[in-house]
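J.: Data file start34.pdb (PDB, C-alpha atoms and all ligand atoms) is appended below.
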MODEL        1
ATOM      1  CA  MET A   1      14.264  -7.325   1.120
ATOM      2  CA  THR A   2      16.038  -8.841   4.049
ATOM      3  CA  LYS A   3      14.161 -10.373   6.920
ATOM      4  CA  ILE A   4      14.431  -8.421  10.157
ATOM      5  CA  ASP A   5      15.079 -10.693  13.135
ATOM      6  CA  VAL A   6      12.194  -9.321  15.219
ATOM      7  CA  ASP A   7       8.954 -10.732  16.623
ATOM      8  CA  LEU A   8       6.072  -8.418  15.795
ATOM      9  CA  LEU A   9       2.634  -8.624  17.374
ATOM     10  CA  VAL A  10      -0.137  -7.559  15.006
ATOM     11  CA  ILE A  11      -2.985  -6.704  17.341
ATOM     12  CA  SER A  12      -5.546  -5.376  14.841
ATOM     13  CA  GLU A  13      -6.384  -6.829  11.462
ATOM     14  CA  MET A  14      -4.387  -5.062   8.730
ATOM     15  CA  ARG A  15      -5.148  -4.705   5.058
ATOM     16  CA  ASP A  16      -3.557  -7.478   2.936
ATOM     17  CA  TYR A  17      -1.216  -4.870   1.409
ATOM     18  CA  VAL A  18       0.180  -4.189   4.892
ATOM     19  CA  GLN A  19       0.077  -7.702   6.330
ATOM     20  CA  GLU A  20       1.967  -9.145   3.343
ATOM     21  CA  GLN A  21       4.830  -6.723   3.944
ATOM     22  CA  LEU A  22       4.843  -7.409   7.679
ATOM     23  CA  ASP A  23       5.033 -11.147   6.952
ATOM     24  CA  VAL A  24       7.946 -10.663   4.564
ATOM     25  CA  ARG A  25       9.966  -8.378   6.850
ATOM     26  CA  PHE A  26       9.204  -9.704  10.356
ATOM     27  CA  ARG A  27       8.054 -12.752  12.286
ATOM     28  CA  ALA A  28       4.518 -11.420  12.440
ATOM     29  CA  HIS A  29       2.100 -12.953  14.966
ATOM     30  CA  LYS A  30      -1.586 -12.169  14.490
ATOM     31  CA  LEU A  31      -3.069 -11.648  17.927
ATOM     32  CA  TYR A  32      -6.555 -10.987  16.562
ATOM     33  CA  GLU A  33      -6.636 -14.497  15.030
ATOM     34  CA  ALA A  34      -5.439 -16.316  18.156
ATOM     35  CA  PRO A  35      -8.134 -18.565  19.666
ATOM     36  CA  ASP A  36      -6.782 -17.546  23.094
ATOM     37  CA  ALA A  37      -5.223 -14.055  22.953
ATOM     38  CA  ASP A  38      -4.077 -14.173  26.604
ATOM     39  CA  ALA A  39      -2.294 -17.466  26.032
ATOM     40  CA  MET A  40      -0.548 -16.078  22.953
ATOM     41  CA  ILE A  41       0.592 -12.986  24.856
ATOM     42  CA  ALA A  42       1.791 -15.125  27.784
ATOM     43  CA  GLU A  43       3.782 -17.355  25.426
ATOM     44  CA  LEU A  44       5.265 -14.696  23.115
ATOM     45  CA  GLY A  45       5.272 -11.631  25.404
ATOM     46  CA  PRO A  46       8.980 -11.480  26.275
ATOM     47  CA  SER A  47      10.087 -11.949  22.665
ATOM     48  CA  ILE A  48       7.856  -9.214  21.207
ATOM     49  CA  ARG A  49       9.790  -6.042  20.265
ATOM     50  CA  ALA A  50       7.203  -4.387  18.048
ATOM     51  CA  VAL A  51       3.440  -3.974  17.848
ATOM     52  CA  ALA A  52       1.382  -3.084  14.786
ATOM     53  CA  ALA A  53      -1.772  -1.457  16.124
ATOM     54  CA  GLY A  54      -5.112  -0.228  14.816
ATOM     55  CA  SER A  55      -8.362   0.994  16.208
ATOM     56  CA  HIS A  56      -9.770  -2.463  17.020
ATOM     57  CA  ARG A  57      -7.753  -3.057  20.167
ATOM     58  CA  ASN A  58      -6.129  -0.625  22.588
ATOM     59  CA  VAL A  59      -2.479  -0.623  23.565
ATOM     60  CA  ASP A  60      -2.723   0.103  27.284
ATOM     61  CA  THR A  61      -0.388  -0.332  30.241
ATOM     62  CA  ASP A  62      -1.856  -3.771  30.887
ATOM     63  CA  LEU A  63      -0.647  -4.952  27.467
ATOM     64  CA  MET A  64       2.672  -3.092  27.771
ATOM     65  CA  ASP A  65       3.303  -4.811  31.139
ATOM     66  CA  LYS A  66       3.089  -8.139  29.348
ATOM     67  CA  LEU A  67       5.514  -7.092  26.604
ATOM     68  CA  PRO A  68       8.643  -6.208  28.635
ATOM     69  CA  ASN A  69      10.921  -5.863  25.602
ATOM     70  CA  LEU A  70       8.586  -3.761  23.503
ATOM     71  CA  GLU A  71      10.414  -0.979  21.612
ATOM     72  CA  ILE A  72       7.880   0.415  19.188
ATOM     73  CA  VAL A  73       4.135   0.622  18.577
ATOM     74  CA  SER A  74       3.370   1.490  14.970
ATOM     75  CA  ASN A  75      -0.218   2.682  14.727
ATOM     76  CA  PHE A  76      -2.452   2.639  11.650
ATOM     77  CA  GLY A  77      -4.139   6.039  11.735
ATOM     78  CA  VAL A  78      -3.197   9.609  12.468
ATOM     79  CA  GLY A  79      -5.336   9.493  15.609
ATOM     80  CA  TYR A  80      -3.742   7.357  18.288
ATOM     81  CA  ASP A  81      -6.217   7.588  21.157
ATOM     82  CA  ASN A  82      -6.202   3.766  21.027
ATOM     83  CA  VAL A  83      -2.612   3.835  22.335
ATOM     84  CA  ASP A  84      -1.597   5.069  25.794
ATOM     85  CA  ALA A  85       1.233   7.100  24.258
ATOM     86  CA  LYS A  86       2.063   8.949  27.470
ATOM     87  CA  SER A  87       2.727   5.735  29.393
ATOM     88  CA  ALA A  88       4.589   4.333  26.399
ATOM     89  CA  GLY A  89       6.791   7.441  26.315
ATOM     90  CA  GLU A  90       7.533   7.107  30.036
ATOM     91  CA  ARG A  91       8.682   3.549  29.376
ATOM     92  CA  GLY A  92      10.863   4.618  26.449
ATOM     93  CA  ILE A  93       8.555   2.908  23.962
ATOM     94  CA  ILE A  94       8.203   4.704  20.634
ATOM     95  CA  VAL A  95       4.739   5.304  19.217
ATOM     96  CA  THR A  96       4.313   6.234  15.575
ATOM     97  CA  ASN A  97       1.190   7.251  13.631
ATOM     98  CA  THR A  98       0.344   7.959   9.988
ATOM     99  CA  PRO A  99       0.058  11.736   9.513
ATOM    100  CA  ASP A 100       0.196  13.756   6.263
ATOM    101  CA  VAL A 101      -0.527  10.890   3.865
ATOM    102  CA  LEU A 102      -4.245  11.084   4.730
ATOM    103  CA  SER A 103      -4.715  14.838   5.118
ATOM    104  CA  ASP A 104      -6.024  15.506   1.601
ATOM    105  CA  GLU A 105      -8.404  12.528   1.648
ATOM    106  CA  VAL A 106      -9.868  13.422   5.034
ATOM    107  CA  ALA A 107     -10.155  17.086   4.019
ATOM    108  CA  ASP A 108     -12.017  16.033   0.850
ATOM    109  CA  THR A 109     -14.410  13.993   2.989
ATOM    110  CA  ALA A 110     -14.944  16.873   5.401
ATOM    111  CA  ILE A 111     -15.816  19.260   2.585
ATOM    112  CA  GLY A 112     -18.080  16.666   0.954
ATOM    113  CA  LEU A 113     -19.848  16.027   4.233
ATOM    114  CA  MET A 114     -20.281  19.759   4.800
ATOM    115  CA  ILE A 115     -21.867  20.287   1.382
ATOM    116  CA  ASN A 116     -24.060  17.212   1.782
ATOM    117  CA  THR A 117     -25.257  18.412   5.152
ATOM    118  CA  VAL A 118     -25.824  22.051   4.283
ATOM    119  CA  ARG A 119     -27.457  21.390   0.879
ATOM    120  CA  GLU A 120     -29.215  18.138   1.962
ATOM    121  CA  LEU A 121     -27.897  16.196  -1.023
ATOM    122  CA  PRO A 122     -28.353  12.705   0.518
ATOM    123  CA  GLN A 123     -31.913  13.611   1.496
ATOM    124  CA  ALA A 124     -32.578  14.932  -2.035
ATOM    125  CA  GLU A 125     -31.287  11.662  -3.480
ATOM    126  CA  GLN A 126     -33.554   9.671  -1.181
ATOM    127  CA  PHE A 127     -36.438  11.839  -2.408
ATOM    128  CA  LEU A 128     -35.621  10.984  -6.029
ATOM    129  CA  ARG A 129     -35.141   7.262  -5.361
ATOM    130  CA  ALA A 130     -38.433   7.136  -3.483
ATOM    131  CA  GLY A 131     -40.153   8.293  -6.706
ATOM    132  CA  LYS A 132     -41.326  11.573  -5.188
ATOM    133  CA  TRP A 133     -39.896  13.862  -7.874
ATOM    134  CA  THR A 134     -42.667  13.050 -10.312
ATOM    135  CA  SER A 135     -45.174  14.714  -8.011
ATOM    136  CA  ALA A 136     -43.095  17.568  -6.514
ATOM    137  CA  ASN A 137     -39.753  19.322  -6.595
ATOM    138  CA  TYR A 138     -37.426  18.820  -3.676
ATOM    139  CA  PRO A 139     -37.874  21.827  -1.360
ATOM    140  CA  LEU A 140     -35.308  24.607  -1.637
ATOM    141  CA  THR A 141     -32.763  24.191   1.128
ATOM    142  CA  PRO A 142     -33.001  26.757   3.881
ATOM    143  CA  ASN A 143     -29.226  26.628   4.176
ATOM    144  CA  THR A 144     -26.373  27.481   1.815
ATOM    145  CA  LEU A 145     -22.617  27.991   1.921
ATOM    146  CA  ARG A 146     -23.004  31.499   0.518
ATOM    147  CA  GLU A 147     -21.840  34.261   2.882
ATOM    148  CA  LYS A 148     -21.156  31.772   5.669
ATOM    149  CA  ARG A 149     -18.477  31.642   8.301
ATOM    150  CA  LEU A 150     -16.664  28.356   8.885
ATOM    151  CA  GLY A 151     -15.009  27.481  12.180
ATOM    152  CA  ILE A 152     -12.395  24.733  12.147
ATOM    153  CA  ALA A 153     -11.770  23.118  15.509
ATOM    154  CA  GLY A 154      -8.251  21.687  15.459
ATOM    155  CA  LEU A 155      -6.121  23.501  12.888
ATOM    156  CA  GLY A 156      -3.417  20.880  12.424
ATOM    157  CA  ARG A 157      -2.418  19.350   9.117
ATOM    158  CA  ILE A 158      -5.908  18.066   8.283
ATOM    159  CA  GLY A 159      -7.543  21.277   9.520
ATOM    160  CA  LYS A 160      -5.290  23.338   7.283
ATOM    161  CA  SER A 161      -6.082  21.161   4.259
ATOM    162  CA  ILE A 162      -9.769  21.784   4.975
ATOM    163  CA  ALA A 163      -9.156  25.525   5.294
ATOM    164  CA  GLU A 164      -7.343  25.664   1.926
ATOM    165  CA  ARG A 165     -10.327  24.031   0.253
ATOM    166  CA  ALA A 166     -12.878  26.135   2.145
ATOM    167  CA  GLU A 167     -11.183  29.361   1.038
ATOM    168  CA  SER A 168     -11.988  28.515  -2.565
ATOM    169  CA  PHE A 169     -15.665  28.304  -1.584
ATOM    170  CA  GLY A 170     -15.526  31.889  -0.360
ATOM    171  CA  LEU A 171     -16.140  30.891   3.247
ATOM    172  CA  SER A 172     -14.645  33.121   5.898
ATOM    173  CA  ILE A 173     -12.521  31.027   8.220
ATOM    174  CA  ALA A 174     -11.919  31.043  11.951
ATOM    175  CA  TYR A 175     -10.419  28.370  14.157
ATOM    176  CA  TYR A 176     -10.068  27.021  17.656
ATOM    177  CA  GLY A 177      -7.046  25.118  18.885
ATOM    178  CA  ARG A 178      -4.604  24.870  21.744
ATOM    179  CA  SER A 179      -2.760  27.992  20.621
ATOM    180  CA  ASP A 180      -3.037  31.080  18.448
ATOM    181  CA  GLN A 181      -1.019  30.274  15.340
ATOM    182  CA  LYS A 182      -0.792  33.964  14.369
ATOM    183  CA  ILE A 183      -2.132  33.369  10.894
ATOM    184  CA  ALA A 184      -4.698  35.135   8.736
ATOM    185  CA  TYR A 185      -7.686  33.221  10.180
ATOM    186  CA  THR A 186      -9.397  34.518  13.341
ATOM    187  CA  TYR A 187      -8.480  32.561  16.466
ATOM    188  CA  TYR A 188     -10.867  31.741  19.315
ATOM    189  CA  ASP A 189      -9.523  30.247  22.514
ATOM    190  CA  SER A 190     -12.655  28.244  23.328
ATOM    191  CA  LEU A 191     -15.108  26.104  21.404
ATOM    192  CA  LYS A 192     -17.972  28.176  22.761
ATOM    193  CA  ALA A 193     -16.459  31.406  21.443
ATOM    194  CA  LEU A 194     -15.846  29.754  18.067
ATOM    195  CA  ALA A 195     -19.420  28.466  17.985
ATOM    196  CA  GLU A 196     -20.805  31.933  18.801
ATOM    197  CA  ASN A 197     -18.968  33.459  15.859
ATOM    198  CA  VAL A 198     -19.453  30.970  13.006
ATOM    199  CA  ASP A 199     -22.271  29.278  11.089
ATOM    200  CA  ILE A 200     -20.591  25.911  10.536
ATOM    201  CA  ILE A 201     -18.104  24.032  12.698
ATOM    202  CA  ILE A 202     -15.926  21.328  11.201
ATOM    203  CA  SER A 203     -14.288  19.431  14.039
ATOM    204  CA  VAL A 204     -10.965  17.666  13.565
ATOM    205  CA  LEU A 205     -10.311  17.322  17.292
ATOM    206  CA  PRO A 206      -8.494  14.151  18.385
ATOM    207  CA  GLY A 207      -9.889  11.761  21.006
ATOM    208  CA  GLY A 208      -8.603  11.329  24.544
ATOM    209  CA  THR A 209      -9.441  12.605  28.019
ATOM    210  CA  ALA A 210      -8.721  16.279  27.221
ATOM    211  CA  THR A 211     -11.410  16.394  24.521
ATOM    212  CA  ASN A 212     -13.963  14.016  26.012
ATOM    213  CA  LYS A 213     -17.504  15.334  25.303
ATOM    214  CA  VAL A 214     -16.285  18.912  24.750
ATOM    215  CA  TYR A 215     -19.174  19.446  22.328
ATOM    216  CA  ASN A 216     -21.990  19.814  24.818
ATOM    217  CA  GLU A 217     -25.304  21.615  25.180
ATOM    218  CA  ASP A 218     -23.559  24.961  25.742
ATOM    219  CA  VAL A 219     -21.544  24.725  22.540
ATOM    220  CA  PHE A 220     -24.590  23.701  20.483
ATOM    221  CA  LYS A 221     -26.583  26.600  21.963
ATOM    222  CA  ALA A 222     -23.756  28.946  21.008
ATOM    223  CA  LEU A 223     -23.731  27.580  17.440
ATOM    224  CA  GLY A 224     -27.404  28.446  17.202
ATOM    225  CA  PRO A 225     -30.507  27.554  15.186
ATOM    226  CA  ASP A 226     -28.894  28.137  11.763
ATOM    227  CA  GLY A 227     -25.744  26.275  12.769
ATOM    228  CA  THR A 228     -24.262  23.118  11.280
ATOM    229  CA  PHE A 229     -21.898  20.776  13.096
ATOM    230  CA  ILE A 230     -19.552  18.527  11.094
ATOM    231  CA  ASN A 231     -17.341  15.948  12.830
ATOM    232  CA  ILE A 232     -14.533  14.034  11.166
ATOM    233  CA  GLY A 233     -12.287  13.913  14.270
ATOM    234  CA  ARG A 234     -13.397  11.540  17.006
ATOM    235  CA  GLY A 235     -16.860  10.636  18.255
ATOM    236  CA  SER A 236     -15.710  10.753  21.868
ATOM    237  CA  THR A 237     -15.458  14.552  21.620
ATOM    238  CA  VAL A 238     -19.257  14.814  21.382
ATOM    239  CA  ASP A 239     -21.937  14.433  24.021
ATOM    240  CA  GLU A 240     -24.143  12.467  21.614
ATOM    241  CA  ASP A 241     -27.261  12.789  23.779
ATOM    242  CA  ALA A 242     -26.840  16.580  23.792
ATOM    243  CA  LEU A 243     -26.316  16.564  20.017
ATOM    244  CA  ILE A 244     -29.435  14.464  19.409
ATOM    245  CA  GLU A 245     -31.438  16.820  21.603
ATOM    246  CA  ALA A 246     -29.997  19.877  19.822
ATOM    247  CA  LEU A 247     -30.926  18.433  16.407
ATOM    248  CA  LYS A 248     -34.398  17.438  17.592
ATOM    249  CA  ASN A 249     -35.390  20.717  19.185
ATOM    250  CA  GLY A 250     -33.784  23.055  16.653
ATOM    251  CA  THR A 251     -30.969  24.284  18.879
ATOM    252  CA  ILE A 252     -28.824  23.698  15.752
ATOM    253  CA  ARG A 253     -30.006  23.098  12.205
ATOM    254  CA  SER A 254     -28.026  20.071  11.092
ATOM    255  CA  ALA A 255     -25.065  17.773  11.642
ATOM    256  CA  GLY A 256     -22.786  15.721   9.409
ATOM    257  CA  LEU A 257     -20.919  12.978  11.220
ATOM    258  CA  ASP A 258     -18.215  10.563  10.056
ATOM    259  CA  VAL A 259     -17.302   9.464  13.590
ATOM    260  CA  PHE A 260     -19.259   8.217  16.598
ATOM    261  CA  ASP A 261     -18.676   7.504  20.251
ATOM    262  CA  HIS A 262     -19.188   3.734  20.069
ATOM    263  CA  GLU A 263     -18.308   2.749  16.510
ATOM    264  CA  PRO A 264     -19.595   0.860  14.655
ATOM    265  CA  HIS A 265     -22.742   1.394  16.734
ATOM    266  CA  VAL A 266     -24.694   4.552  15.986
ATOM    267  CA  PRO A 267     -27.553   5.584  18.299
ATOM    268  CA  GLU A 268     -30.987   4.784  16.816
ATOM    269  CA  ALA A 269     -32.137   8.266  17.810
ATOM    270  CA  LEU A 270     -29.431   9.785  15.606
ATOM    271  CA  MET A 271     -30.273   7.533  12.674
ATOM    272  CA  ALA A 272     -33.904   8.584  12.913
ATOM    273  CA  LEU A 273     -33.114  12.305  12.515
ATOM    274  CA  PRO A 274     -33.707  13.783   9.035
ATOM    275  CA  ASN A 275     -31.277  16.653   9.667
ATOM    276  CA  ALA A 276     -28.256  14.407  10.307
ATOM    277  CA  VAL A 277     -26.011  13.098   7.509
ATOM    278  CA  LEU A 278     -24.169  10.021   8.739
ATOM    279  CA  LEU A 279     -21.100   8.258   7.309
ATOM    280  CA  PRO A 280     -19.454   5.039   8.566
ATOM    281  CA  HIS A 281     -16.006   6.544   9.382
ATOM    282  CA  VAL A 282     -14.796   6.731   5.788
ATOM    283  CA  GLY A 283     -12.693   9.885   6.112
ATOM    284  CA  SER A 284      -9.461   8.304   4.897
ATOM    285  CA  GLY A 285     -11.179   5.319   3.309
ATOM    286  CA  SER A 286      -9.833   5.084  -0.234
ATOM    287  CA  VAL A 287      -7.558   2.254  -1.358
ATOM    288  CA  TYR A 288      -4.949   4.847  -2.366
ATOM    289  CA  THR A 289      -4.834   6.570   1.021
ATOM    290  CA  ARG A 290      -5.205   3.465   3.185
ATOM    291  CA  ASN A 291      -2.286   1.916   1.251
ATOM    292  CA  ALA A 292      -0.207   5.033   1.894
ATOM    293  CA  MET A 293      -1.080   4.858   5.595
ATOM    294  CA  GLY A 294      -0.206   1.153   5.670
ATOM    295  CA  GLN A 295       3.100   1.797   3.945
ATOM    296  CA  LEU A 296       3.977   4.397   6.555
ATOM    297  CA  LEU A 297       3.100   1.938   9.339
ATOM    298  CA  VAL A 298       5.496  -0.593   7.789
ATOM    299  CA  ASP A 299       8.208   2.006   7.070
ATOM    300  CA  ASN A 300       8.141   3.246  10.656
ATOM    301  CA  LEU A 301       8.862  -0.284  11.863
ATOM    302  CA  THR A 302      11.589  -1.078   9.320
ATOM    303  CA  ASN A 303      13.285   2.301   9.808
ATOM    304  CA  TRP A 304      13.393   1.808  13.543
ATOM    305  CA  PHE A 305      14.949  -1.627  13.361
ATOM    306  CA  GLU A 306      17.283  -0.886  10.416
ATOM    307  CA  ASN A 307      18.318   2.734  11.092
ATOM    308  CA  GLY A 308      17.214   3.482  14.659
ATOM    309  CA  LYS A 309      14.938   6.257  13.372
ATOM    310  CA  PRO A 310      11.150   6.087  13.319
ATOM    311  CA  ILE A 311       9.735   8.326  10.565
ATOM    312  CA  THR A 312       6.671   9.795  12.235
ATOM    313  CA  PRO A 313       6.897   9.469  16.034
ATOM    314  CA  VAL A 314       4.067  11.089  18.005
ATOM    315  CA  ALA A 315       4.674  14.001  20.375
ATOM    316  CA  GLU A 316       4.780  11.832  23.522
ATOM    317  CA  THR A 317       7.566   9.529  22.392
ATOM    318  CA  PRO A 318      11.264   9.865  23.222
ATOM    319  CA  PHE A 319      11.824  10.813  19.556
ATOM    320  CA  SER A 320       9.427  13.737  19.508
ATOM    321  CA  ALA A 321      12.049  16.412  18.823
ATOM    322  CA  LYS A 322      11.780  17.138  15.114
TER     323      LYS A 322
HETATM  324  C1  LIG B 401      -8.406   5.686  10.015
HETATM  325  C2  LIG B 401      -8.663   7.770  11.333
HETATM  326  O1  LIG B 401      -8.984   5.194   8.905
HETATM  327  O2  LIG B 401      -6.382   8.072  10.905
HETATM  328  C3  LIG B 401      -7.297   8.172  11.708
HETATM  329  O3  LIG B 401      -7.125   8.634  12.835
HETATM  330  O4  LIG B 401      -9.587   8.026  12.003
HETATM  331  C4  LIG B 401      -8.913   7.073  10.073
HETATM  332  O5  LIG B 401      -8.336   7.802   9.042
HETATM  333  C5  LIG B 401      -8.756   4.800  11.128
HETATM  334  O6  LIG B 401      -7.997   5.116  12.238
HETATM  335  C6  LIG B 401      -8.504   3.378  10.724
HETATM  336  O7  LIG B 401      -9.005   2.504  11.631
ENDMDL
END
Do you think you could lay out the structure here as structure tokens?
T.:
Amino acid sequence: MTKIDVDLLVISEMRDYVQEQLDVRFRAHKLYEAPDADAMIAELGPSIRAVAAGSHRNVDTDLMDKLPNLEIVSNFGVGYDNVDAKSAGERGIIVTNTPDVLSDEVADTAIGLMINTVRELPQAEQFLRAGKWTSANYPLTPNTLREKRLGIAGLGRIGKSIAERAESFGLSIAYYGRSDQKIAYTYYDSLKALAENVDIIISVLPGGTATNKVYNEDVFKALGPDGTFINIGRGSTVDEDALIEALKNGTIRSAGLDVFDHEPHVPEALMALPNAVLLPHVGSGSVYTRNAMGQLLVDNLTNWFENGKPITPVAETPFSAK
């Protein structure tokens, strides 16, 4: 593999599998290890043509201003709310993400989280481990997946992978999204309407200003006292105080969450609730899938500099036409 004559700024810590490739192919500078990040940016800024990004640090206009020759931001993750892609696009900077390679893994996690939440499997395990089984059976769960309606909020690639799996469970499927995709599932043009018409919501909505706290008191009321809310999209889409209140007072029955507003911090009040199943953002977190995501991050960079073609540019970039 030939070395590419490009200075790359690695702004979030990457897995070894990724970093080793970046070191082989580029002059990779680890911003997150610099004792003085501002000094490193001031010194290297004009020579940097590429950024490898992740969720630990945002790529905003302030950073872009300091990197005047930046051509591409390759992001680790399908969600790229950590990158100001609109401003990047306006400046002619390409942003790439890591779609498709994680869809099956995240869909598996969503289904697992839904079953765990509805059938209280983590709580049942706690019951066993606490030695309570010898004196009583775990109570029958008031909830089940039988004869239930599932609403998927955000029917993109991950949402569709969830739907495929959910069909085999016999769930009836509806969805909410920006547009009616004219497919066999029922479409609702608002989250409230979706919530009124389903028993379980699985949310795959991305972060960003358009989706900020869209799950609010009204939506939880519409979901109702038998309702379950599952989130594997972004924590910023949820008014967490409203969710905690809804779980406490029975406005909804239960929630399963893989994402939170201020990760890795999870509100104490949420952790104290017995009807919430909580995961530490592990949706795509297998070695297999994270390696595939890392490979795509690397391939986007090498393809840009070797062939002038990023593989998976996001919608806002100059290369969005597919
Ligand atoms: C990533 C995710 O693991 O791809 C995404 O958008 O949320 C996760 O799959 C995460 O971004 C890595 O930090």
J.: Could you list, with a cut-off of 7 Å and counting all atoms listed in the file, the residues of chain A near ligand LIG 401 (chain B), each shown with its nearest atom pair and the distance in Å rounded to one decimal, rows sorted by chain and ascending number, as a tab-separated table?
T.:
residue	atom	partner	partner_atom	distance
A:Gly54	CA	B:LIG401	O7	5.7
A:Ser55	CA	B:LIG401	O7	4.9
A:Phe76	CA	B:LIG401	O6	6.1
A:Gly77	CA	B:LIG401	O2	3.1
A:Val78	CA	B:LIG401	O2	3.9
A:Gly79	CA	B:LIG401	O3	3.4
A:Tyr80	CA	B:LIG401	O3	6.5
A:Thr98	CA	B:LIG401	O2	6.8
A:Leu102	CA	B:LIG401	O5	6.8
A:Gly233	CA	B:LIG401	O4	6.9
A:Val282	CA	B:LIG401	O1	6.8
A:Gly283	CA	B:LIG401	O5	5.6
A:Ser284	CA	B:LIG401	O5	4.3
A:Gly285	CA	B:LIG401	O1	6.0
J.: Write a file of the just-selected residues containing C-alpha atoms, as an mmCIF file, in the frame of the given file.
T.:
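Saved as part-v5.cif:
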data_model
loop_
_atom_site.group_PDB
_atom_site.id
_atom_site.type_symbol
_atom_site.label_atom_id
_atom_site.label_comp_id
_atom_site.auth_asym_id
_atom_site.auth_seq_id
_atom_site.Cartn_x
_atom_site.Cartn_y
_atom_site.Cartn_z
ATOM 1 C CA GLY A 54 -5.112 -0.228 14.816
ATOM 2 C CA SER A 55 -8.362 0.994 16.208
ATOM 3 C CA PHE A 76 -2.452 2.639 11.650
ATOM 4 C CA GLY A 77 -4.139 6.039 11.735
ATOM 5 C CA VAL A 78 -3.197 9.609 12.468
ATOM 6 C CA GLY A 79 -5.336 9.493 15.609
ATOM 7 C CA TYR A 80 -3.742 7.357 18.288
ATOM 8 C CA THR A 98 0.344 7.959 9.988
ATOM 9 C CA LEU A 102 -4.245 11.084 4.730
ATOM 10 C CA GLY A 233 -12.287 13.913 14.270
ATOM 11 C CA VAL A 282 -14.796 6.731 5.788
ATOM 12 C CA GLY A 283 -12.693 9.885 6.112
ATOM 13 C CA SER A 284 -9.461 8.304 4.897
ATOM 14 C CA GLY A 285 -11.179 5.319 3.309
#
J.: Against region 298-303 of chain A, which residues of region 1-40 of chain A fall within 10 Å? For each one I want the closest pair of atoms and the distance in Å (one decimal), counting all atoms listed in the file, rows by chain and increasing residue number, as a Markdown table.
T.:
| residue | atom | partner | partner_atom | distance |
| --- | --- | --- | --- | --- |
| A:Lys3 | CA | A:Thr302 | CA | 9.9 |
| A:Ile4 | CA | A:Thr302 | CA | 7.9 |
| A:Leu8 | CA | A:Leu301 | CA | 9.5 |
| A:Val18 | CA | A:Val298 | CA | 7.0 |
| A:Gln19 | CA | A:Val298 | CA | 9.1 |
| A:Gln21 | CA | A:Val298 | CA | 7.3 |
| A:Leu22 | CA | A:Val298 | CA | 6.8 |
| A:Arg25 | CA | A:Thr302 | CA | 7.9 |
| A:Phe26 | CA | A:Thr302 | CA | 9.0 |
J.: Determine the residue membership of the PyMOL selection byres (((chain A and resi 318) around 12) and not hetatm) for the file above and supply it as a PDB file with C-alpha atoms, in the frame of the given file.
T.:
ATOM      1  CA  GLU A  71      10.414  -0.979  21.612  1.00  0.00           C
ATOM      2  CA  ILE A  72       7.880   0.415  19.188  1.00  0.00           C
ATOM      3  CA  ALA A  85       1.233   7.100  24.258  1.00  0.00           C
ATOM      4  CA  LYS A  86       2.063   8.949  27.470  1.00  0.00           C
ATOM      5  CA  SER A  87       2.727   5.735  29.393  1.00  0.00           C
ATOM      6  CA  ALA A  88       4.589   4.333  26.399  1.00  0.00           C
ATOM      7  CA  GLY A  89       6.791   7.441  26.315  1.00  0.00           C
ATOM      8  CA  GLU A  90       7.533   7.107  30.036  1.00  0.00           C
ATOM      9  CA  ARG A  91       8.682   3.549  29.376  1.00  0.00           C
ATOM     10  CA  GLY A  92      10.863   4.618  26.449  1.00  0.00           C
ATOM     11  CA  ILE A  93       8.555   2.908  23.962  1.00  0.00           C
ATOM     12  CA  ILE A  94       8.203   4.704  20.634  1.00  0.00           C
ATOM     13  CA  VAL A  95       4.739   5.304  19.217  1.00  0.00           C
ATOM     14  CA  THR A  96       4.313   6.234  15.575  1.00  0.00           C
ATOM     15  CA  LYS A 309      14.938   6.257  13.372  1.00  0.00           C
ATOM     16  CA  PRO A 310      11.150   6.087  13.319  1.00  0.00           C
ATOM     17  CA  THR A 312       6.671   9.795  12.235  1.00  0.00           C
ATOM     18  CA  PRO A 313       6.897   9.469  16.034  1.00  0.00           C
ATOM     19  CA  VAL A 314       4.067  11.089  18.005  1.00  0.00           C
ATOM     20  CA  ALA A 315       4.674  14.001  20.375  1.00  0.00           C
ATOM     21  CA  GLU A 316       4.780  11.832  23.522  1.00  0.00           C
ATOM     22  CA  THR A 317       7.566   9.529  22.392  1.00  0.00           C
ATOM     23  CA  PHE A 319      11.824  10.813  19.556  1.00  0.00           C
ATOM     24  CA  SER A 320       9.427  13.737  19.508  1.00  0.00           C
ATOM     25  CA  ALA A 321      12.049  16.412  18.823  1.00  0.00           C
ATOM     26  CA  LYS A 322      11.780  17.138  15.114  1.00  0.00           C
TER      27      LYS A 322
END
J.: Evaluating the PyMOL selection byres (((chain A and resi 169-185) around 6) and not hetatm) on the displayed file yields which residues, as a list in words?
T.: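 For this structure, the PyMOL selection byres (((chain A and resi 169-185) around 6) and not hetatm) captures Lys148, Arg149, Leu150, Gly151, Ile152, Ala153, Gly154, Ala166, Glu167, Ser168, Thr186, Tyr187, Tyr188 and Asp189 of chain A.
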J.: So which residues get picked by the PyMOL selection byres (((chain A and resi 247) around 12) and not hetatm) here, written as a PyMOL selection string?
T.: chain A and resi 217+220-221+223-229+240-246+248-256+269-277
J.: Please identify every residue of region 156-225 of chain A that has at least one atom no farther than 12 Å from an atom of region 116-138 of chain A, counting only C-alpha atoms, and for each give the shortest atom pair and the distance in Å to one decimal, arranged by chain then increasing number, as a tab-separated table.
T.:
residue	atom	partner	partner_atom	distance
A:Asp199	CA	A:Val118	CA	10.5
A:Ile200	CA	A:Val118	CA	9.0
A:Ile201	CA	A:Val118	CA	11.6
A:Ile202	CA	A:Thr117	CA	11.5
J.: Please indicate the distance in Å from CA of Tyr32 (chain A) to CA of Ile232 (chain A), rounded to one decimal place.
T.: 26.8 Å
J.: For a test of reading the model, state the distance in Å between CA of Tyr288 (chain A) and CA of Val51 (chain A), rounded to one decimal.
T.: 23.6 Å
